[in-house]
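See below for the structure under consideration.
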Amino acid sequence: MREAQVFKQLLPLLKLYPRIIFIIIILGILSSIFEGLGISLFIPLLQSFIETKSPTENSNFLLSLLNRIFINISTNNRLLIISSCILGSIFLKNCLIFGNAILFGWLSSRIGHRLRSGVFKQLLSVSYSFIENNDSGKLINILASETWQTTEALSNWISLIITISTIAIYVSLLLLISWQITLLVAVLMVLISFVIQLVTRQVKNLGEEAVEANSTLTNRMWEGLAGMKEIRAFRRENYEQRRFDTASKNVVNTFFKLDIISGIVNPISEVLSGFVLVSILVIALLQNHASLPNYLSFILILYRLQPKVQHLDGIRVNLVSLTSAVQDVISFLDYSDKPYIRSGNIHFKSLEQGIYFKSVSFLYNPLEEAVIKNVSISIPAGKTTAIVGPSGAGKSTIIGLICRFYEVTTGEIYTDSYPLRELNLTDWRNKIAIVSQDIYMFSTTVLENIAYGRLDATKNEIIAAAKLANAHDFIQQLPQSYDTKVGDRGIRLSGGQRQRIALARAIVRNPQILILDEATNALDSISEHLIQEALNTLSQNRTVIVIAHRLSTIEQADQIIVLNEGQVIEQGNLEHLLTLNGLFAKLYNLQHRNAKI
């Protein structure tokens, strides 16, 4: 059964709070018992009005048991005591329901938090290659939407257990009143449930469609906000509006179909169950008046049972519709089938000799060609190493491997005499700062964006870093100075301002290894000069790795490594590479010729 499949997937979540779940189920069952008791007491209550023979003469087990409880109570007091017991049962039932609702709310909120936290932790832990190979809209949908749906599925499962227990109690009471009529009703109820299953058999497929449609809409929203400049620059507002409307309508249509199927369950169930109730009532009226209390109580219990059966069918339909969301979340949280960058056990203090690539190859996808092919290079400590080459040569991949965003496919990277993969990952990355062309600004203040380089930095240290980065003057002119919010991805700042804040972030970190990934390529001459001036100051007594398309910015590098199609083809200082008259010389001369023009 699909419900069993969902239960198996939810089992790890059920184990998070087993005691609370057990208490919730017990309280749910107890509330059903008190409700059943209250309804059962209507039998002696009604009999007090119309029963003519001695109560002990009745052959019905339940009726005899209830009559024996009140046999020693006078007729005048019996009505008052039975009525009080009924009201007491109703009061206790509702107290239990209230307590159950509080625990249910507590459990749902905690499970929801654990799921969202777990998904976000997985996003932070999984290899960056996994993030790159998966659609961002899908990942956001799992975090923002499907975790809620999984929590709802868990709540539905607990409700399913309680509802089944409640139905079992009611059915037991019905059997005690009249097992013959109960069996007849059971057959009719099974037929009703079968009819409902026939009507709702497409729910699972619609649930999968709903997840996919929601993911597509999330992707449209994300891309629409992130690419707003490009959309307007290319006048693609109408195009993007059509794409968004299509995705939104697909969500509307899919969820509307789900609502239709879910909404039809109650009407079908109520109409058919109403037919059963009327039939029982007709039978009761055709019987002698002495049996009327039994049948009226039977109908009352059956009336209370009918919405429980409806609820059970609704829960089953909802569970099936949530199957895809549960599968996505549980699958995403599974650590066994995803790549991870594992931390080593060797604590790293400082880089003394250098970073060495020994026959390193790397490919992003096993089915694709290697991006880095048998690379062996040396990056000496305390020196500036530039990596140049045409687009797609593998320059940024080298940086990604040094930062351990990825693991090498073959070969080994060494730091001094230790394999990089054996170093403690936190220790290693704490010694690195990156300034790249595509800097990410968090939607918070300038102060907090700079402090992201070192969270315990004081304000004076942050201001000092900003001054070194030639950022202090323009920051002072912002509306709230360092407390100015930069907007989403730093949209309120210019490219040069973002770069200088990013540089201040690197400076406050005080790294041993500074990586400059095309940090000045997209800037105007003034901004480039300011940042280059700051970089020259920051680069002193550090290991600096520079990637640059503007070869004029790396003329003072201690060594230059030239990559082409993932392989090292040239290596040396500027003078040596120019004498080789190879790829570097051609690129260098071409850029200088264009600069003169």
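Chain lettering (A, B, ...) mirrors the order of the structure tokens, residue numbering begins at 1 for each chain separately, and ligand numbering begins at 1 in order of display.
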Sorted by chain and rising residue number, list the residues of segment 140-246 of chain A at most 10 Å from segment 310-321 of chain A (counting only C-alpha atoms), each with its closest atom pair and distance in Å to one decimal, as a tab-separated table.
residue	atom	partner	partner_atom	distance
A:Gln149	CA	A:Leu319	CA	9.7
A:Thr150	CA	A:Leu319	CA	9.5
A:Glu152	CA	A:Leu319	CA	8.7
A:Ala153	CA	A:Leu319	CA	5.8
A:Leu154	CA	A:Leu319	CA	8.8
A:Ser155	CA	A:Ile315	CA	9.7
A:Asn156	CA	A:Ile315	CA	6.0
A:Trp157	CA	A:Leu319	CA	7.7
A:Ser159	CA	A:Ile315	CA	7.8
A:Leu160	CA	A:Leu312	CA	6.4
A:Ile161	CA	A:Leu312	CA	9.4
A:Ile162	CA	A:Leu312	CA	9.7
A:Thr163	CA	A:Leu312	CA	6.5
A:Ile164	CA	A:Leu312	CA	7.4
A:Ile167	CA	A:Leu312	CA	9.2
A:Ile192	CA	A:Gln310	CA	9.8
A:Ser193	CA	A:Asp313	CA	7.1
A:Phe194	CA	A:Asp313	CA	9.9
A:Ile196	CA	A:Asp313	CA	7.6
A:Gln197	CA	A:Asp313	CA	8.2
A:Thr200	CA	A:Val317	CA	6.9
A:Arg201	CA	A:Val317	CA	8.6
A:Gln202	CA	A:Ser321	CA	9.1
A:Val203	CA	A:Ser321	CA	5.4
A:Lys204	CA	A:Ser321	CA	4.9
A:Asn205	CA	A:Ser321	CA	7.8
A:Leu206	CA	A:Ser321	CA	7.0
A:Gly207	CA	A:Ser321	CA	4.3
A:Glu208	CA	A:Ser321	CA	7.5
A:Glu209	CA	A:Ser321	CA	9.7
A:Ala210	CA	A:Ser321	CA	8.7
A:Val211	CA	A:Ser321	CA	9.5
Distance query Thr166 of chain A at most 12 Å, only C-alpha atoms, self and fewer than 5 positions along chain excluded, as a PDB file with C-alpha atoms, in the first residue's frame:
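Saved file result-v3.pdb follows:
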ATOM      1  CA  ILE A  25      -1.847   8.660  20.295  1.00  0.00           C
ATOM      2  CA  ILE A  26      -2.881   7.618  23.819  1.00  0.00           C
ATOM      3  CA  LEU A  27      -4.680  10.925  24.415  1.00  0.00           C
ATOM      4  CA  GLY A  28      -6.438  10.540  21.067  1.00  0.00           C
ATOM      5  CA  ILE A  29      -7.579   7.027  21.958  1.00  0.00           C
ATOM      6  CA  LEU A  30      -8.708   8.094  25.447  1.00  0.00           C
ATOM      7  CA  SER A  31     -10.749  10.942  23.995  1.00  0.00           C
ATOM      8  CA  SER A  32     -12.435   8.420  21.693  1.00  0.00           C
ATOM      9  CA  ILE A  33     -13.149   6.115  24.643  1.00  0.00           C
ATOM     10  CA  PHE A  34     -14.783   8.929  26.609  1.00  0.00           C
ATOM     11  CA  GLU A  35     -16.830   9.919  23.572  1.00  0.00           C
ATOM     12  CA  GLY A  36     -17.925   6.319  23.093  1.00  0.00           C
ATOM     13  CA  SER A 159      -4.001  11.238  12.838  1.00  0.00           C
ATOM     14  CA  LEU A 160      -4.426   8.046  10.834  1.00  0.00           C
ATOM     15  CA  ILE A 161      -3.410   5.920  13.826  1.00  0.00           C
ATOM     16  CA  VAL A 171     -17.147  -0.480  15.853  1.00  0.00           C
ATOM     17  CA  SER A 172     -16.739  -2.423  19.124  1.00  0.00           C
ATOM     18  CA  LEU A 173     -19.675  -0.532  20.621  1.00  0.00           C
ATOM     19  CA  ILE A 301     -22.669   6.009  17.354  1.00  0.00           C
ATOM     20  CA  ARG A 304     -20.320   9.871  15.004  1.00  0.00           C
ATOM     21  CA  LEU A 305     -18.454   7.086  13.217  1.00  0.00           C
ATOM     22  CA  GLN A 306     -19.328   8.339   9.729  1.00  0.00           C
ATOM     23  CA  PRO A 307     -17.160  11.537   9.835  1.00  0.00           C
ATOM     24  CA  LYS A 308     -14.312   9.463  11.278  1.00  0.00           C
ATOM     25  CA  VAL A 309     -14.474   7.177   8.247  1.00  0.00           C
ATOM     26  CA  HIS A 311     -11.637  11.663   7.835  1.00  0.00           C
ATOM     27  CA  LEU A 312      -9.798   8.376   7.382  1.00  0.00           C
TER      28      LEU A 312
END
_If DSSP is run on the backbone, what residues of segment 389-507 of chain A are strand (DSSP E)? A reply as an MDAnalysis selection string would be ideal._
chainID A and resid 410:415 418:419 432:436
*Between A:Gln327, A:Ser269, A:Ser350, A:Thr553, single out the one closest to Gln512 of chain A, counting only C-alpha atoms.*
A:Ser350
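With only C-alpha atoms as the atoms that count, the minimum distance from Val6 of chain A to the choices A:Asn345, A:Ser324, A:Asn573, A:Asn424 is reached by A:Ser324.
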*Within 8 Å of Met441 of chain A, counting only C-alpha atoms, which residues qualify if same-chain residues fewer than 6 places away don't, as an MDAnalysis selection string?*
chainID A and resid 449 486 488:490 498
Using only N, CA and C atoms, please write the residues we just selected to a file, as a tab-separated table (two decimals), in the first residue's frame.
chain	number	residue	atom	x	y	z
A	449	ASN	N	28.54	42.87	6.31
A	449	ASN	CA	29.14	42.25	5.13
A	449	ASN	C	30.65	42.18	5.26
A	486	VAL	N	22.74	47.17	2.18
A	486	VAL	CA	23.19	47.20	0.79
A	486	VAL	C	22.16	46.67	-0.19
A	488	ASP	N	19.49	43.51	-1.74
A	488	ASP	CA	19.68	42.14	-2.22
A	488	ASP	C	20.90	42.06	-3.14
A	489	ARG	N	21.87	41.22	-2.75
A	489	ARG	CA	23.11	41.03	-3.51
A	489	ARG	C	23.88	42.34	-3.71
A	490	GLY	N	23.67	43.31	-2.81
A	490	GLY	CA	24.39	44.57	-2.89
A	490	GLY	C	23.94	45.46	-4.02
A	498	ARG	N	31.19	47.35	-4.40
A	498	ARG	CA	31.06	45.96	-3.94
A	498	ARG	C	32.43	45.29	-3.85
*Among segment 218-456 of chain A, which residues carry a DSSP assignment of helix (DSSP H, G or I), reported as a ChimeraX atom specification?*
/A:218-226,228-233,237-286,289-321,323-333,395-402,420-422,425-430,446-451
